[in-house]
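> This is the structure, below, for whatever I ask next.
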Amino acid sequence: MKLDIAAWIIFLAAAVYTAFTYSSLPDTIPRHFNAAGEPTAFSGKEMLVSLVLLYAGTVLLLTLLNHFLIRRQKDPHQAVQFIQLPGLKRDSLSEEQAAHVQQQSTGLLSVLNLLLSLMFAYLLLMMIQTALGHQNGLSWDFWLLIALTAAAPVVMSWRIVRSVRRMDENE
């Protein structure tokens, strides 16, 4: 829950920053960057509004999915019906294992929500800074953020499956 709140705080900060800088932006801003982080395509600054709306929708959707489909479920077996992890048979989980998967999956979605929020905020910031001439495009840390966002669900899913298998061995 705290990570979801952090994702919303980051979103609000990025949206406010975008709103405050919007009037000082040139009419044309970078909208696409190559692998080196250099801007390769440009569009009107109105595109930032669409990006902020997409950002809000992403954070909202992940927050709602996490809350209503997983966290809020009283029965852990009901919650795990919405979770697909490789090598894990949902129907054969004990009550303890299902509760563990429910708790860990909530954490996974919260981490993913936070990382995606950071990625959107960083992208908005760099687009604006590049448009204002304070930045030359994206820097290497964007690749780090992409790698973290891609790796986190894989690593966390693997850890969930591994911990459930260890619970099986201890029974």
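In the structure tokens, the first chain shown is A, the next is B, and so on; residue numbers restart at 1 for each chain, and ligands run from 1 in the order shown.
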Taking the DSSP secondary structure from the backbone, can you list the residues of chain A that are alpha helix (DSSP H), as a ChimeraX atom specification?

/A:2-22,47-64,76-80,95-131,140-170

> Here is a test: counting only C-alpha atoms, which residue of A:Thr58, A:Ser105, A:Thr18, A:Asn136 is nearest to Met119 of chain A?

A:Thr58

> Can you pull out the residues contacting Glu38 of chain A? Cut-off 12 Å, using only C-alpha atoms, and skip same-chain residues under 5 positions away; I want them as an NGL selection string.

:A and (30-33 or 126-127 or 130-131 or 135-140)

> Keeping N, CA and C atoms, export the residues of the selection given above as a PDB file, in the first residue's frame.


```pdb
ATOM      1  N   PRO A  30      10.225  17.043 -28.179  1.00  0.00           N
ATOM      2  CA  PRO A  30      10.606  15.681 -28.578  1.00  0.00           C
ATOM      3  C   PRO A  30       9.584  14.670 -28.062  1.00  0.00           C
ATOM      4  N   ARG A  31       9.250  13.709 -28.908  1.00  0.00           N
ATOM      5  CA  ARG A  31       8.306  12.660 -28.510  1.00  0.00           C
ATOM      6  C   ARG A  31       8.887  11.261 -28.665  1.00  0.00           C
ATOM      7  N   HIS A  32      10.027  11.152 -29.323  1.00  0.00           N
ATOM      8  CA  HIS A  32      10.659   9.851 -29.520  1.00  0.00           C
ATOM      9  C   HIS A  32      12.165  10.017 -29.402  1.00  0.00           C
ATOM     10  N   PHE A  33      12.791   9.015 -28.779  1.00  0.00           N
ATOM     11  CA  PHE A  33      14.241   9.034 -28.584  1.00  0.00           C
ATOM     12  C   PHE A  33      14.816   7.725 -29.105  1.00  0.00           C
ATOM     13  N   MET A 126      12.372  14.386 -18.730  1.00  0.00           N
ATOM     14  CA  MET A 126      13.396  14.488 -19.766  1.00  0.00           C
ATOM     15  C   MET A 126      12.851  15.106 -21.051  1.00  0.00           C
ATOM     16  N   MET A 127      11.603  14.805 -21.395  1.00  0.00           N
ATOM     17  CA  MET A 127      11.000  15.428 -22.579  1.00  0.00           C
ATOM     18  C   MET A 127      10.917  16.941 -22.392  1.00  0.00           C
ATOM     19  N   THR A 130      14.479  18.502 -22.249  1.00  0.00           N
ATOM     20  CA  THR A 130      15.060  18.537 -23.594  1.00  0.00           C
ATOM     21  C   THR A 130      14.414  19.643 -24.424  1.00  0.00           C
ATOM     22  N   ALA A 131      13.093  19.769 -24.321  1.00  0.00           N
ATOM     23  CA  ALA A 131      12.387  20.820 -25.065  1.00  0.00           C
ATOM     24  C   ALA A 131      12.843  22.211 -24.630  1.00  0.00           C
ATOM     25  N   GLN A 135      18.585  19.782 -21.414  1.00  0.00           N
ATOM     26  CA  GLN A 135      19.001  18.382 -21.503  1.00  0.00           C
ATOM     27  C   GLN A 135      19.125  18.049 -22.986  1.00  0.00           C
ATOM     28  N   ASN A 136      19.984  17.096 -23.319  1.00  0.00           N
ATOM     29  CA  ASN A 136      20.160  16.695 -24.720  1.00  0.00           C
ATOM     30  C   ASN A 136      19.392  15.435 -25.071  1.00  0.00           C
ATOM     31  N   GLY A 137      18.523  14.983 -24.215  1.00  0.00           N
ATOM     32  CA  GLY A 137      17.767  13.751 -24.440  1.00  0.00           C
ATOM     33  C   GLY A 137      17.794  12.893 -23.193  1.00  0.00           C
ATOM     34  N   LEU A 138      17.529  11.618 -23.391  1.00  0.00           N
ATOM     35  CA  LEU A 138      17.533  10.674 -22.274  1.00  0.00           C
ATOM     36  C   LEU A 138      18.968  10.280 -21.952  1.00  0.00           C
ATOM     37  N   SER A 139      19.239  10.021 -20.692  1.00  0.00           N
ATOM     38  CA  SER A 139      20.576   9.575 -20.311  1.00  0.00           C
ATOM     39  C   SER A 139      20.550   8.074 -20.026  1.00  0.00           C
ATOM     40  N   TRP A 140      21.704   7.526 -19.705  1.00  0.00           N
ATOM     41  CA  TRP A 140      21.841   6.083 -19.494  1.00  0.00           C
ATOM     42  C   TRP A 140      20.951   5.567 -18.375  1.00  0.00           C
TER      43      TRP A 140
END
```

> Choose the residue, out of A:Tyr55, A:Ala121, A:Gln102, A:Pro26, that has the smallest atom-to-atom separation from Leu85 of chain A; count only C-alpha atoms.

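Of all the options, A:Gln102 lies closest to Leu85 of chain A.
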
> Any chance you could list, as a list in words, the residues in chain A that come up strand (DSSP E) when DSSP is run on the backbone?

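Reading the DSSP output for chain A, strand (DSSP E) covers Thr28, Ile29, Pro30, Arg31, His32, Phe33, Pro39, Thr40, Ala41, Phe42, Ser43 and Gly44 of chain A.
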
> Once you have the residues from the selection above, write them out as an mmCIF file, in the first residue's frame, restricted to C-alpha atoms.


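Everything below was put into again-v2.cif:
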```cif
data_model
loop_
_atom_site.group_PDB
_atom_site.id
_atom_site.type_symbol
_atom_site.label_atom_id
_atom_site.label_comp_id
_atom_site.auth_asym_id
_atom_site.auth_seq_id
_atom_site.Cartn_x
_atom_site.Cartn_y
_atom_site.Cartn_z
ATOM 1 C CA THR A 28 7.251 21.449 -30.748
ATOM 2 C CA ILE A 29 8.766 19.016 -28.255
ATOM 3 C CA PRO A 30 10.606 15.681 -28.578
ATOM 4 C CA ARG A 31 8.306 12.660 -28.510
ATOM 5 C CA HIS A 32 10.659 9.851 -29.520
ATOM 6 C CA PHE A 33 14.241 9.034 -28.584
ATOM 7 C CA PRO A 39 15.439 12.896 -29.845
ATOM 8 C CA THR A 40 14.461 11.562 -33.285
ATOM 9 C CA ALA A 41 10.844 12.700 -33.659
ATOM 10 C CA PHE A 42 8.919 15.747 -32.524
ATOM 11 C CA SER A 43 5.282 16.716 -32.059
ATOM 12 C CA GLY A 44 3.146 19.415 -30.512
#
```

> Nearest residue to Thr21 of chain A out of A:Leu93, A:Val101, A:Leu124, A:Leu116, using only C-alpha atoms?

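Looking only at the distances to Thr21 of chain A, the closest residue turns out to be A:Leu124.
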
> Using only C-alpha atoms, find the one residue out of A:Ile146, A:Val164, A:Ala35, A:Ile83 that sits nearest to Asn66 of chain A.

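Using only C-alpha atoms, the shortest distance to Asn66 of chain A belongs to A:Ile83.
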
> Near Ala150 of chain A, within 10 Å and counting only C-alpha atoms, which residues show up once chain neighbours fewer than 5 positions away are dropped, as a list in words?

Leu112, Leu115, Leu116, Leu144, Leu145 and Val155 of chain A
